[in-house]
>>> print(open('final.txt').read())   # compact mmCIF, C-alpha atoms
# COMPACT_ATOMS: atom_id res chain seq x y z
CA MET A 1 -7.40 23.58 24.31
CA ARG A 2 -9.26 20.27 24.07
CA GLY A 3 -7.72 17.23 25.71
CA LEU A 4 -6.05 14.49 23.71
CA ALA A 5 -8.43 11.87 25.11
CA ALA A 6 -11.41 13.84 23.78
CA CYS A 7 -9.90 13.88 20.32
CA TYR A 8 -9.33 10.12 20.46
CA SER A 9 -12.86 9.29 21.54
CA GLU A 10 -14.67 11.64 19.18
CA HIS A 11 -12.40 11.39 16.17
CA ALA A 12 -10.61 8.07 16.61
CA ILE A 13 -9.79 7.92 12.92
CA LYS A 14 -6.54 9.85 13.32
CA VAL A 15 -4.09 11.72 15.49
CA SER A 16 -3.90 15.27 14.20
CA ASP A 17 -4.30 18.87 15.25
CA THR A 18 -6.98 19.24 12.58
CA TYR A 19 -9.75 17.66 14.63
CA CYS A 20 -8.43 19.01 17.94
CA SER A 21 -8.65 22.59 16.74
CA GLY A 22 -12.44 22.62 16.93
CA PRO A 23 -15.04 23.55 14.29
CA SER A 24 -14.01 25.18 11.05
CA ASN A 25 -15.48 26.13 7.72
CA HIS A 26 -13.69 23.30 5.90
CA THR A 27 -15.64 20.26 4.76
CA TYR A 28 -14.57 16.89 6.13
CA ILE A 29 -16.77 14.75 3.90
CA SER A 30 -14.91 13.38 0.89
CA PRO A 31 -16.11 14.04 -2.66
CA THR A 32 -17.39 11.12 -4.69
CA LEU A 33 -14.54 9.49 -6.60
CA PRO A 34 -14.85 6.82 -9.30
CA PRO A 35 -13.11 3.58 -8.28
CA SER A 36 -9.41 3.65 -9.11
CA ILE A 37 -8.19 0.69 -11.15
CA PRO A 38 -4.54 -0.26 -10.59
CA ASP A 39 -2.34 -1.51 -13.41
CA THR A 40 -0.73 -4.13 -11.16
CA VAL A 41 -1.16 -5.31 -7.58
CA THR A 42 1.62 -7.17 -5.75
CA THR A 43 1.15 -8.71 -2.32
CA THR A 44 4.24 -10.12 -0.61
CA TYR A 45 4.02 -12.49 2.35
CA THR A 46 7.30 -12.80 4.26
CA SER A 47 7.78 -15.27 7.08
CA SER A 48 9.79 -14.27 10.14
CA SER A 49 10.15 -17.82 11.47
CA ASP A 50 13.30 -19.92 11.76
CA LYS A 51 12.75 -21.07 8.17
CA PRO A 52 12.17 -17.78 6.32
CA VAL A 53 10.25 -17.88 3.08
CA SER A 54 8.74 -15.13 0.95
CA VAL A 55 5.83 -15.52 -1.47
CA SER A 56 4.76 -12.72 -3.83
CA LEU A 57 1.58 -12.67 -5.92
CA THR A 58 1.51 -10.11 -8.72
CA TRP A 59 -1.80 -9.58 -10.48
CA SER A 60 -1.78 -7.90 -13.91
CA ASP A 61 -2.70 -9.49 -17.23
CA ASN A 62 -1.50 -12.77 -15.72
CA LEU A 63 -0.74 -14.05 -12.26
CA THR A 64 2.98 -14.12 -11.40
CA VAL A 65 4.13 -16.04 -8.35
CA ALA A 66 7.59 -15.52 -6.86
CA ILE A 67 8.93 -17.80 -4.11
CA SER A 68 12.14 -16.97 -2.25
CA THR A 69 14.13 -18.77 0.43
CA PRO A 70 17.69 -18.11 1.62
CA ALA A 71 18.87 -20.89 -0.67
CA LYS A 72 16.90 -20.26 -3.88
CA SER A 73 14.36 -18.02 -5.61
CA TYR A 74 11.89 -18.78 -8.38
CA SER A 75 9.39 -16.71 -10.34
CA VAL A 76 6.78 -18.09 -12.71
CA SER A 77 4.02 -16.48 -14.78
CA LEU A 78 0.77 -18.47 -14.80
CA LYS A 79 -1.15 -17.82 -18.01
CA LYS A 80 -3.78 -20.56 -17.69
CA GLN A 81 -6.96 -20.10 -15.71
CA LYS A 82 -6.43 -23.30 -13.76
CA GLY A 83 -3.56 -25.66 -13.13
CA SER A 84 -0.60 -26.69 -10.99
CA LYS A 85 3.10 -25.97 -11.24
CA LYS A 86 6.06 -27.60 -9.51
CA LEU A 87 9.31 -25.75 -8.90
CA THR A 88 12.36 -27.78 -7.86
CA SER A 89 15.93 -26.60 -7.52
CA SER A 90 18.76 -28.80 -8.79
CA SER A 91 20.20 -29.08 -5.29
CA GLY A 92 16.85 -30.02 -3.80
CA SER A 93 16.92 -27.13 -1.33
CA LEU A 94 13.62 -25.76 -2.69
CA ASN A 95 10.65 -27.89 -3.66
CA ALA A 96 7.56 -25.81 -4.23
CA GLU A 97 4.17 -26.44 -5.75
CA ILE A 98 1.54 -23.91 -6.84
CA LEU A 99 -2.12 -24.78 -7.39
CA TRP A 100 -4.51 -22.16 -8.71
CA ASP A 101 -8.05 -21.88 -10.02
CA LEU A 102 -9.33 -18.63 -11.57
CA THR A 103 -12.09 -20.11 -13.71
CA GLU A 104 -14.89 -18.53 -11.63
CA ALA A 105 -12.95 -15.51 -10.38
CA GLU A 106 -14.84 -12.25 -9.95
CA TYR A 107 -13.03 -8.93 -10.35
CA GLU A 108 -14.15 -5.79 -8.54
CA ASN A 109 -14.34 -2.75 -10.86
CA ASN A 110 -12.57 -4.75 -13.59
CA GLY A 111 -9.28 -4.56 -11.69
CA PRO A 112 -6.44 -7.07 -12.14
CA GLU A 113 -6.89 -8.75 -8.73
CA PRO A 114 -9.85 -11.09 -8.13
CA SER A 115 -12.01 -10.44 -5.11
CA ARG A 116 -13.85 -13.77 -4.86
CA GLY A 117 -14.40 -17.08 -6.62
CA PHE A 118 -10.73 -18.04 -6.93
CA SER A 119 -8.04 -19.93 -5.05
CA VAL A 120 -4.24 -19.95 -4.95
CA VAL A 121 -2.32 -22.45 -2.82
CA VAL A 122 1.46 -22.45 -2.37
CA ALA A 123 3.35 -25.31 -0.71
CA VAL A 124 7.06 -25.16 0.06
CA ASN A 125 8.96 -28.30 1.01
CA SER A 126 5.71 -30.23 1.54
CA GLU A 127 4.21 -27.54 3.81
CA VAL A 128 1.25 -25.40 2.75
CA VAL A 129 2.47 -21.90 3.53
CA LEU A 130 -0.16 -19.81 1.74
CA ARG A 131 -3.80 -20.27 0.77
CA ILE A 132 -5.62 -17.32 -0.83
CA GLY A 133 -9.25 -17.31 -1.90
CA GLY A 134 -11.65 -20.17 -1.50
CA VAL A 135 -14.11 -20.42 1.38
CA ASP A 136 -11.74 -18.93 3.96
CA GLN A 137 -10.58 -16.21 1.53
CA GLU A 138 -7.18 -16.05 3.19
CA SER A 139 -5.28 -18.60 5.29
CA LEU A 140 -1.76 -17.64 6.31
CA ARG A 141 0.95 -18.88 8.57
CA ARG A 142 0.69 -16.85 11.76
CA ASP A 143 4.13 -15.28 11.37
CA TRP A 144 3.62 -13.54 8.03
CA ARG A 145 4.59 -9.94 7.41
CA VAL A 146 2.38 -8.63 4.62
CA SER A 147 3.25 -5.83 2.22
CA ARG A 148 1.05 -4.71 -0.65
CA THR A 149 2.04 -2.56 -3.63
CA GLU A 150 -0.51 -1.00 -5.97
CA ARG A 151 0.64 0.70 -9.17
CA TYR A 152 -1.51 3.25 -10.96
CA SER A 153 -0.95 5.59 -13.89
CA GLY A 154 -2.32 8.95 -14.92
CA SER A 155 -3.30 10.99 -11.86
CA CYS A 156 -2.75 11.42 -8.11
CA TRP A 157 -6.49 11.26 -7.67
CA LEU A 158 -7.29 7.79 -6.46
CA SER A 159 -9.26 5.63 -4.06
CA THR A 160 -8.30 2.25 -2.60
CA LYS A 161 -9.01 0.02 0.42
CA ALA A 162 -6.70 -1.48 3.04
CA LYS A 163 -6.96 -3.69 6.12
CA PHE A 164 -4.18 -3.10 8.66
CA SER A 165 -4.91 -5.93 11.12
CA ASP A 166 -6.54 -9.33 11.34
CA VAL A 167 -9.34 -8.05 13.58
CA GLY A 168 -9.89 -4.66 11.94
CA SER A 169 -12.10 -3.85 8.99
CA LYS A 170 -11.16 -2.56 5.56
CA HIS A 171 -10.78 1.20 5.33
CA GLU A 172 -11.37 3.29 2.24
CA ILE A 173 -8.40 5.57 1.53
CA GLN A 174 -8.60 8.50 -0.88
CA ILE A 175 -5.66 10.62 -1.97
CA GLN A 176 -6.12 13.81 -3.97
CA CYS A 177 -3.19 15.84 -5.24
CA GLY A 178 -3.67 18.99 -7.30
CA GLY A 179 -1.01 20.34 -9.65
CA GLY A 180 2.07 18.55 -10.87
CA GLY A 181 0.53 17.33 -14.11
CA GLY A 182 -1.50 14.23 -14.85
CA GLY A 183 -5.16 14.10 -15.80
CA GLY A 184 -8.10 12.35 -14.26
CA GLY A 185 -10.67 12.89 -11.58
CA GLY A 186 -13.38 13.99 -14.02
CA GLU A 187 -14.94 17.46 -13.95
CA GLU A 188 -14.96 17.49 -10.16
CA GLY A 189 -11.26 16.68 -10.10
CA HIS A 190 -10.49 19.42 -12.64
CA LEU A 191 -12.31 22.05 -10.58
CA TRP A 192 -10.58 20.88 -7.40
CA LYS A 193 -7.16 21.20 -9.04
CA LEU A 194 -7.95 24.76 -10.12
CA LYS A 195 -8.88 25.72 -6.55
CA SER A 196 -6.03 23.78 -4.90
CA PRO A 197 -3.25 23.48 -7.51
CA GLU A 198 -0.56 22.33 -5.06
CA THR A 199 -2.54 20.74 -2.23
CA MET A 200 -2.73 17.13 -1.09
CA SER A 201 -5.76 15.88 0.86
CA VAL A 202 -6.09 12.44 2.41
CA TRP A 203 -9.44 10.93 3.38
CA VAL A 204 -10.15 7.74 5.34
CA ASP A 205 -13.68 6.33 5.36
CA LYS A 206 -15.10 9.49 3.77
CA ARG A 207 -13.55 11.86 6.34
CA LYS A 208 -10.62 14.15 5.72
CA VAL A 209 -7.75 13.26 8.05
CA PHE A 210 -5.22 15.87 6.96
CA GLN A 211 -4.21 18.28 4.21
CA VAL A 212 -0.80 19.43 2.99
CA LYS A 213 -0.38 22.73 1.17
CA LYS A 214 2.52 24.03 -0.94
CA LEU A 215 3.39 20.53 -2.13
CA LYS A 216 6.36 21.70 -4.17
CA TRP A 217 7.97 22.71 -0.89
CA ASN A 218 6.56 19.78 1.08
CA PHE A 219 7.09 17.11 -1.57
CA ARG A 220 8.28 14.65 1.11
CA GLY A 221 6.71 14.16 4.52
CA ASN A 222 4.85 11.94 6.92
CA GLN A 223 1.72 12.01 9.07
CA THR A 224 0.40 9.75 11.84
CA MET A 225 -3.17 8.44 11.88
CA PHE A 226 -5.00 6.44 14.53
CA PHE A 227 -7.72 3.88 13.87
CA ASP A 228 -8.60 0.31 14.87
CA GLY A 229 -6.58 0.97 18.02
CA MET A 230 -3.36 1.25 16.01
CA LEU A 231 -0.99 3.97 14.92
CA ILE A 232 -0.61 4.13 11.14
CA ASP A 233 2.19 6.18 9.60
CA MET A 234 1.67 7.65 6.14
CA MET A 235 4.72 8.79 4.16
CA TRP A 236 4.81 10.44 0.76
CA ASP A 237 7.46 11.29 -1.83
CA LEU A 238 6.38 13.55 -4.71
CA HIS A 239 9.82 14.80 -5.78
CA ASP A 240 9.90 12.99 -9.14
CA TRP A 241 6.23 13.77 -9.74
CA PHE A 242 6.97 17.50 -9.63
CA PHE A 243 10.56 17.79 -10.81
CA LYS A 244 11.38 14.85 -13.09
CA GLU A 245 10.73 15.27 -16.79
CA THR A 246 8.36 12.88 -18.53
CA THR A 247 9.73 10.43 -21.08
CA SER A 248 8.38 12.41 -24.04
CA SER A 249 9.93 15.71 -22.98
CA SER A 250 13.23 14.16 -21.98
CA SER A 251 13.50 12.22 -25.25
CA THR A 252 12.98 15.42 -27.25
CA SER A 253 15.83 17.19 -25.53
CA SER A 254 18.06 14.12 -25.48
CA SER A 255 17.82 13.55 -29.23
CA LYS A 256 20.20 16.46 -29.78
CA THR A 257 23.28 14.55 -28.68
CA ALA A 258 24.21 10.88 -28.37
CA SER A 259 25.42 11.31 -24.82
CA SER A 260 22.17 12.80 -23.63
CA SER A 261 20.31 10.05 -25.45
CA SER A 262 22.18 7.39 -23.52
CA SER A 263 21.55 9.18 -20.23
CA SER A 264 17.82 9.47 -20.92
CA SER A 265 17.56 5.75 -21.54
CA SER A 266 18.73 5.10 -18.00
CA SER A 267 15.96 7.34 -16.65
CA SER A 268 13.21 6.39 -19.11
CA SER A 269 10.78 5.41 -16.38
CA PRO A 270 7.98 7.96 -15.98
CA PRO A 271 7.87 10.26 -12.91
CA CYS A 272 6.19 8.60 -9.96
CA ALA A 273 4.43 9.69 -6.81
CA VAL A 274 4.90 7.27 -3.93
CA PHE A 275 2.67 6.91 -0.87
CA MET A 276 3.23 4.43 1.95
CA PHE A 277 0.98 3.40 4.82
CA ARG A 278 2.69 1.39 7.56
CA ARG A 279 1.36 -0.02 10.79
CA ARG A 280 3.70 0.80 13.65
CA SER A 281 5.31 -2.01 15.60
CA GLY A 282 4.67 -2.43 19.32
CA LEU A 283 7.86 -0.65 20.40
CA ASP A 284 7.30 2.27 18.04
CA SER A 285 3.77 2.75 19.39
CA ARG A 286 4.77 3.02 23.03
CA LEU A 287 5.44 6.36 24.66
CA TRP A 288 8.42 5.02 26.61
CA LEU A 289 10.62 1.92 26.76
CA GLU A 290 10.73 -0.20 29.86
CA GLU A 291 14.01 -1.29 31.36
CA ASP A 292 13.42 -4.96 30.61
CA GLU A 293 15.14 -5.35 27.23
CA GLU A 294 14.06 -8.98 26.87
CA GLU A 295 10.41 -8.03 27.25
CA ASN A 296 10.83 -5.22 24.71
CA LYS A 297 12.39 -7.65 22.29
CA LYS A 298 9.50 -10.10 22.69
CA ILE A 299 6.94 -7.36 22.07
CA GLY A 300 8.80 -6.19 18.97
CA LEU A 301 9.01 -9.70 17.53
CA ARG A 302 5.36 -10.42 18.29
CA GLU A 303 4.20 -7.25 16.53
CA ALA A 304 6.56 -7.82 13.58
CA LYS A 305 4.88 -11.17 12.91
CA HIS A 306 1.60 -9.40 12.08
CA SER A 307 2.82 -6.20 10.44
CA PHE A 308 1.26 -4.72 7.30
CA SER A 309 2.30 -2.03 4.86
CA LEU A 310 0.69 -0.55 1.75
CA VAL A 311 2.69 1.18 -0.98
CA ILE A 312 0.93 3.15 -3.72
CA CYS A 313 2.90 4.19 -6.81
CA VAL A 314 1.35 6.55 -9.36
CA SER A 315 3.12 7.12 -12.70
CA LYS A 316 2.54 10.06 -14.99
CA LYS A 317 1.36 9.25 -18.46
>>> encode(input="final.txt", output="structure tokens")
Amino acid sequence: MRGLAACYSEHAIKVSDTYCSGPSNHTYISPTLPPSIPDTVTTTYTSSSDKPVSVSLTWSDNLTVAISTPAKSYSVSLKKQKGSKKLTSSSGSLNAEILWDLTEAEYENNGPEPSRGFSVVVAVNSEVVLRIGGVDQESLRRDWRVSRTERYSGSCWLSTKAKFSDVGSKHEIQIQCGGGGGGGGGEEGHLWKLKSPETMSVWVDKRKVFQVKKLKWNFRGNQTMFFDGMLIDMMWDLHDWFFKETTSSSSTSSSKTASSSSSSSSSSSPPCAVFMFRRRSGLDSRLWLEEDEEENKKIGLREAKHSFSLVICVSKK
């Protein structure tokens, strides 16, 4: 059996028995996927300082900015390409200002979120807490916890990119799920689904990191990956994707009685597959806990200030 250190040095992209098991006949090079275009992208920046504040940017047809503090919350949809907006609570506990410029924004693969040529600045109570875009691309308070949610529709056959630390690089993540309905993936995706009707494969930077078979039995689970010197946990939940009826089928059966019609309205949202990638905190990453509780607490707080998570939601059409 090969040592764990050898697996880390040669295949530092993940922690898994797949690479440690030695050569096999399976391919580890990912197939070529067309870029996946999300319907909406929401990035939430949450401060863990003594004055907590949360700022969410949701990119879809318009830019929606939500600002939350313990005292007040505001949400505003910005339909113009350039402008400024002031948000003031009646009590004066929240005074926020948003400045944005999307006139020269460039969008990668025609997605909803600009990649360059734009700027968004958010100030809360006379302090600039968030600056996105511009020359520096991203300027944050040093105590932000960042969470990103991407919503897709149609197929669990997608490709996206994520950066899990300030010093690391962006990693390409591909998720391929066969079976369970939903179209997409082109001819290559169709052939893959025929060969692996209930199999999920995950690729990072063009290399397969793990595969899950019999998804209808393993519709929920988790796997640990290792790259950029960090442990990244991936979790998935495919229960609704496999077992929840779509809106069209449920509405057909619910039209028979008024009671079933009312119940279907409460569950009219389409079935979703949910995937989450989360960087482990310092305490979670350690193999043992030292006796000094104060030191453990400091490490946990320090890591929490720079945490990142990515949530991917795919809805059936």
>>> residues_around(input="final.txt", residues="A:Leu99", least_positions_apart="2", cutoff="9 Å", atoms="only C-alpha atoms", output="PyMOL selection string")
chain A and resi 82-86+97+101+119-123
>>> write_last_selection(input="final.txt", atoms="C-alpha atoms", output="compact mmCIF listing (two decimals), keeping the file's coordinate frame")
# COMPACT_ATOMS: atom_id res chain seq x y z
CA LYS A 82 -6.43 -23.30 -13.76
CA GLY A 83 -3.56 -25.66 -13.13
CA SER A 84 -0.60 -26.69 -10.99
CA LYS A 85 3.10 -25.97 -11.24
CA LYS A 86 6.06 -27.60 -9.51
CA GLU A 97 4.17 -26.44 -5.75
CA ASP A 101 -8.05 -21.88 -10.02
CA SER A 119 -8.04 -19.93 -5.05
CA VAL A 120 -4.24 -19.95 -4.95
CA VAL A 121 -2.32 -22.45 -2.82
CA VAL A 122 1.46 -22.45 -2.37
CA ALA A 123 3.35 -25.31 -0.71
>>> closest_residue(input="final.txt", among="A:Arg151, A:Arg207, A:Lys316, A:Lys79", to="A:Leu238", atoms="only C-alpha atoms")
A:Lys316
>>> atom_distance(input="final.txt", atom1="atom CA of A:Val274", atom2="atom CA of A:Arg131")
29.3 Å
>>> atom_distance(input="final.txt", atom1="atom CA of A:Ser169", atom2="atom CA of A:Ser153")
27.1 Å
>>> atom_distance(input="final.txt", atom1="atom CA of A:Lys208", atom2="atom CA of A:Val314")
20.7 Å
>>> residues_around(input="final.txt", residues="stretch 42-48 of chain A", least_positions_apart="5", cutoff="6 Å", atoms="all atoms listed in the file", output="compact mmCIF listing (two decimals) with C-alpha atoms, keeping the file's coordinate frame")
# COMPACT_ATOMS: atom_id res chain seq x y z
CA VAL A 53 10.25 -17.88 3.08
CA SER A 54 8.74 -15.13 0.95
CA VAL A 55 5.83 -15.52 -1.47
CA SER A 56 4.76 -12.72 -3.83
CA LEU A 57 1.58 -12.67 -5.92
CA THR A 58 1.51 -10.11 -8.72
CA ASP A 143 4.13 -15.28 11.37
CA TRP A 144 3.62 -13.54 8.03
CA ARG A 145 4.59 -9.94 7.41
CA VAL A 146 2.38 -8.63 4.62
CA SER A 147 3.25 -5.83 2.22
CA ARG A 148 1.05 -4.71 -0.65
CA THR A 149 2.04 -2.56 -3.63
>>> residues_around(input="final.txt", residues="A:Thr160", least_positions_apart="2", cutoff="12 Å", atoms="only C-alpha atoms", output="ChimeraX atom specification")
/A:33-38,41,108-109,111,148-152,157-158,162-163,170-176,202-206,277,310-312
